[in-house]
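Undergrad: What follows is a structure written as structure tokens; I'll ask about it next.
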Amino acid sequence: MRLAVPAKVLLQRFAFLFLVLAAFGIMLLSKAETVVVEKVSTVVVDVFAPIMDVLSRPAAAVNDAVKTVRGLADMREENVRLKRENERLLVWQEAARRLSSQNQALQSLLDFKPAPNSQSIATRVIADSGGVFVRSVVVNAGDRDGVRKGQAAVSGAGLAGRVSTAGYQSARILLITDINSRVPVLIESSRDRAILSGDNSGKPRLTFLPANASVKAGDRVVTSGHGGVFPPGLQVGRIEVAPDGVMRVKPNVRFEQLEFVRLIDFAGVSPVAPKVDRGAPPKQAASR
Amino acid sequence: MTPTLSHLFDAVARNLVPAALGVFFVLISSIPFYLPGFGPVAPNFVLMAVFFWAIHRVDLFTSVTVFFIGLLLDILVGLPPGINAAVLVLVRTIAASQGKVFRGKSFLVLWWGFGLVALAAGGVIWGLTALYHLTLIDPTPIVFQMAITVAVFPFLAWVFTRTHQKLFQHV
């Protein structure tokens, strides 16, 4: 008994040291992008996905209720605005139809090979990075629904991120604002190429922009499709020039209210990634 | 009265409460709340739980439990795995070693102690994240998060104190 107490203290000290070292070890393994760490993380998220799915529903319901009440308040105004917008959009629809048929005619003249139609998978956000130094979300669809690593995640307003890991029934989306996110983009008006680099702030920076690029605040930024990860032409956001002269992009997506995202299956068009047979079409897939 | 099987189950269930609360707060921390600007600065509930239970029932909140709670938080939130595991084990050890200082003292002393621990934890999280990414990261969000965490602490501490009294007053 006299020996037992110091032994216990020693064991506790040892446990503390061992656990801290273990934590650092795991960090190093993850930094080295070890497959085991990624696999284990994916499985853990997968196991907890159903629980988070259930837990996140009340929050989503409250959010919807708040939106409904707010919506009721300015329904009249909204209605007038929508009617006006509808008139405007009908004109555009006419133009789009005309251009579409003209485009088809011209494509057949040129024997043009169009990009294959991409399919998309509708998913719900079930986990949000509450962490201060990471920008990612978890969605409730995975491998079984046809989600693959690298697919682009879009919400109604534009590009939100890409699938960084896909589990069996869940997948993690790395948002374009995360410090690890790099997206090849185009300035829509000038066609200048650049890289959109996340830095954990709400507005990612525009890097590798050519020195002679004619870019101004308010210009629209779209994905360029280079690298084959994202389909070209997805809306990303608008350019803002920070007071320190750094070009930043204000994303179209409002990340704090990201509730549903569509994952676009775009593999197979890139010259880098060879086309693979994906078997049966995904269950949840809804092409648009 | 001889301890029957139901008594045993009851005792085991009670003893599991602190760890279960830890896991519960990990899940709460990872679900989306859809509030503008809330996500990045949501209070660190897990830190509060670890600090409180390490002071009051360190025997039910072992280093290994805390390690896995931290690891789970890292994985679910998408942080580099190991950061919260290391920080929470550290916080548990500090809180447990200072348990005597805080137990039975006024709440202000506990709050003050938590403030210091939160400051240290925030610093370590920031340092480790910057080291992990090998870039200097803007520390503003973590400063905000820890300030909110310290501000919210009294409410959660009250809930924990009630839980603690209800569960263990007859033990």
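Numbering starts fresh at 1 for the residues of each chain in the structure tokens, the chains themselves are lettered A, B, ... in the order given, and ligands are numbered from 1 as they appear.
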I need the contact residues of chain B against chain A, so if you could list those with any atom within 9 Å, counting only C-alpha atoms, and return them as JSON, numbers by chain, that would help.
TA: {"B": [27, 28, 29, 30, 31, 32, 33, 34, 35, 36, 37, 38, 39, 40, 41, 42, 43, 44, 63, 64, 67, 71, 72, 74, 75, 76, 77, 78, 79, 80, 81, 82, 83, 84, 85, 86, 87, 89, 90, 93, 126, 129, 132, 133, 137, 138, 141, 142, 145]}
Undergrad: So the first atom is atom CA of Gly218 of chain A and the second is atom CA of Phe260 of chain A; what is the distance between them in Å, to one decimal place?
TA: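 According to the coordinates, atom CA of Gly218 of chain A and atom CA of Phe260 of chain A are separated by 26.5 Å.
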Undergrad: If we count only C-alpha atoms and set the cut-off at 6 Å, which residues sit around Tyr168 of chain A, ignoring sequence neighbours fewer than 4 positions away in its own chain? Please answer as a VMD selection string.
TA: chain A and resid 142 to 144
Undergrad: If DSSP is run on the backbone, what residues of segment 29-74 of chain B are alpha helix (DSSP H)? A reply as an MDAnalysis selection string would be ideal.
TA: chainID B and resid 29:30 45:56 63:74
Undergrad: Could you please take those selected residues and save N, CA and C atoms as a PDB file, in the first residue's frame?
TA:
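Result written to result.pdb:
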```
ATOM      1  N   SER B  29     -20.880  21.302 -30.370  1.00  0.00           N
ATOM      2  CA  SER B  29     -19.909  22.212 -30.986  1.00  0.00           C
ATOM      3  C   SER B  29     -19.805  22.010 -32.491  1.00  0.00           C
ATOM      4  N   SER B  30     -20.195  20.816 -32.967  1.00  0.00           N
ATOM      5  CA  SER B  30     -19.956  20.564 -34.387  1.00  0.00           C
ATOM      6  C   SER B  30     -21.190  20.753 -35.259  1.00  0.00           C
ATOM      7  N   PHE B  45     -17.493  25.022 -25.586  1.00  0.00           N
ATOM      8  CA  PHE B  45     -18.198  24.330 -24.500  1.00  0.00           C
ATOM      9  C   PHE B  45     -17.353  23.211 -23.900  1.00  0.00           C
ATOM     10  N   VAL B  46     -16.614  22.536 -24.774  1.00  0.00           N
ATOM     11  CA  VAL B  46     -15.863  21.366 -24.310  1.00  0.00           C
ATOM     12  C   VAL B  46     -14.803  21.786 -23.292  1.00  0.00           C
ATOM     13  N   LEU B  47     -14.184  22.924 -23.550  1.00  0.00           N
ATOM     14  CA  LEU B  47     -13.165  23.434 -22.633  1.00  0.00           C
ATOM     15  C   LEU B  47     -13.766  23.678 -21.240  1.00  0.00           C
ATOM     16  N   MET B  48     -14.983  24.243 -21.230  1.00  0.00           N
ATOM     17  CA  MET B  48     -15.656  24.512 -19.958  1.00  0.00           C
ATOM     18  C   MET B  48     -15.942  23.211 -19.227  1.00  0.00           C
ATOM     19  N   ALA B  49     -16.450  22.212 -19.987  1.00  0.00           N
ATOM     20  CA  ALA B  49     -16.802  20.935 -19.362  1.00  0.00           C
ATOM     21  C   ALA B  49     -15.560  20.277 -18.766  1.00  0.00           C
ATOM     22  N   VAL B  50     -14.481  20.260 -19.518  1.00  0.00           N
ATOM     23  CA  VAL B  50     -13.258  19.616 -19.043  1.00  0.00           C
ATOM     24  C   VAL B  50     -12.745  20.324 -17.790  1.00  0.00           C
ATOM     25  N   PHE B  51     -12.738  21.654 -17.813  1.00  0.00           N
ATOM     26  CA  PHE B  51     -12.239  22.422 -16.674  1.00  0.00           C
ATOM     27  C   PHE B  51     -13.069  22.130 -15.431  1.00  0.00           C
ATOM     28  N   PHE B  52     -14.390  22.166 -15.574  1.00  0.00           N
ATOM     29  CA  PHE B  52     -15.272  21.989 -14.418  1.00  0.00           C
ATOM     30  C   PHE B  52     -15.139  20.591 -13.812  1.00  0.00           C
ATOM     31  N   TRP B  53     -15.219  19.576 -14.678  1.00  0.00           N
ATOM     32  CA  TRP B  53     -15.237  18.203 -14.145  1.00  0.00           C
ATOM     33  C   TRP B  53     -13.866  17.776 -13.667  1.00  0.00           C
ATOM     34  N   ALA B  54     -12.815  18.348 -14.217  1.00  0.00           N
ATOM     35  CA  ALA B  54     -11.472  18.005 -13.738  1.00  0.00           C
ATOM     36  C   ALA B  54     -11.283  18.537 -12.322  1.00  0.00           C
ATOM     37  N   ILE B  55     -11.950  19.628 -11.992  1.00  0.00           N
ATOM     38  CA  ILE B  55     -11.837  20.178 -10.649  1.00  0.00           C
ATOM     39  C   ILE B  55     -12.689  19.381  -9.669  1.00  0.00           C
ATOM     40  N   HIS B  56     -13.925  19.030 -10.092  1.00  0.00           N
ATOM     41  CA  HIS B  56     -14.847  18.427  -9.140  1.00  0.00           C
ATOM     42  C   HIS B  56     -14.814  16.909  -9.106  1.00  0.00           C
ATOM     43  N   SER B  63      -7.466  11.190 -17.945  1.00  0.00           N
ATOM     44  CA  SER B  63      -6.728  11.803 -19.056  1.00  0.00           C
ATOM     45  C   SER B  63      -7.086  11.133 -20.374  1.00  0.00           C
ATOM     46  N   VAL B  64      -7.258   9.804 -20.320  1.00  0.00           N
ATOM     47  CA  VAL B  64      -7.540   9.069 -21.554  1.00  0.00           C
ATOM     48  C   VAL B  64      -8.905   9.487 -22.110  1.00  0.00           C
ATOM     49  N   THR B  65      -9.901   9.628 -21.215  1.00  0.00           N
ATOM     50  CA  THR B  65     -11.230  10.084 -21.648  1.00  0.00           C
ATOM     51  C   THR B  65     -11.110  11.446 -22.324  1.00  0.00           C
ATOM     52  N   VAL B  66     -10.397  12.358 -21.642  1.00  0.00           N
ATOM     53  CA  VAL B  66     -10.251  13.716 -22.156  1.00  0.00           C
ATOM     54  C   VAL B  66      -9.524  13.710 -23.498  1.00  0.00           C
ATOM     55  N   PHE B  67      -8.523  12.867 -23.599  1.00  0.00           N
ATOM     56  CA  PHE B  67      -7.762  12.754 -24.843  1.00  0.00           C
ATOM     57  C   PHE B  67      -8.686  12.388 -26.002  1.00  0.00           C
ATOM     58  N   PHE B  68      -9.540  11.370 -25.757  1.00  0.00           N
ATOM     59  CA  PHE B  68     -10.410  10.927 -26.846  1.00  0.00           C
ATOM     60  C   PHE B  68     -11.523  11.934 -27.137  1.00  0.00           C
ATOM     61  N   ILE B  69     -11.988  12.638 -26.101  1.00  0.00           N
ATOM     62  CA  ILE B  69     -12.981  13.696 -26.337  1.00  0.00           C
ATOM     63  C   ILE B  69     -12.365  14.781 -27.229  1.00  0.00           C
ATOM     64  N   GLY B  70     -11.127  15.153 -26.932  1.00  0.00           N
ATOM     65  CA  GLY B  70     -10.430  16.162 -27.735  1.00  0.00           C
ATOM     66  C   GLY B  70     -10.215  15.703 -29.162  1.00  0.00           C
ATOM     67  N   LEU B  71      -9.840  14.438 -29.300  1.00  0.00           N
ATOM     68  CA  LEU B  71      -9.593  13.892 -30.632  1.00  0.00           C
ATOM     69  C   LEU B  71     -10.885  13.871 -31.444  1.00  0.00           C
ATOM     70  N   LEU B  72     -11.979  13.488 -30.778  1.00  0.00           N
ATOM     71  CA  LEU B  72     -13.283  13.456 -31.442  1.00  0.00           C
ATOM     72  C   LEU B  72     -13.668  14.862 -31.917  1.00  0.00           C
ATOM     73  N   LEU B  73     -13.418  15.850 -31.045  1.00  0.00           N
ATOM     74  CA  LEU B  73     -13.730  17.233 -31.410  1.00  0.00           C
ATOM     75  C   LEU B  73     -12.930  17.655 -32.649  1.00  0.00           C
ATOM     76  N   ASP B  74     -11.633  17.352 -32.629  1.00  0.00           N
ATOM     77  CA  ASP B  74     -10.785  17.697 -33.777  1.00  0.00           C
ATOM     78  C   ASP B  74     -11.319  17.087 -35.063  1.00  0.00           C
TER      79      ASP B  74
END
```
Undergrad: Atom CA of Ser120 of chain A and atom CA of Ala171 of chain A, how far apart in Å?
TA: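 Value for the atom CA of Ala171 of chain A-atom CA of Ser120 of chain A distance: 14.5 Å.
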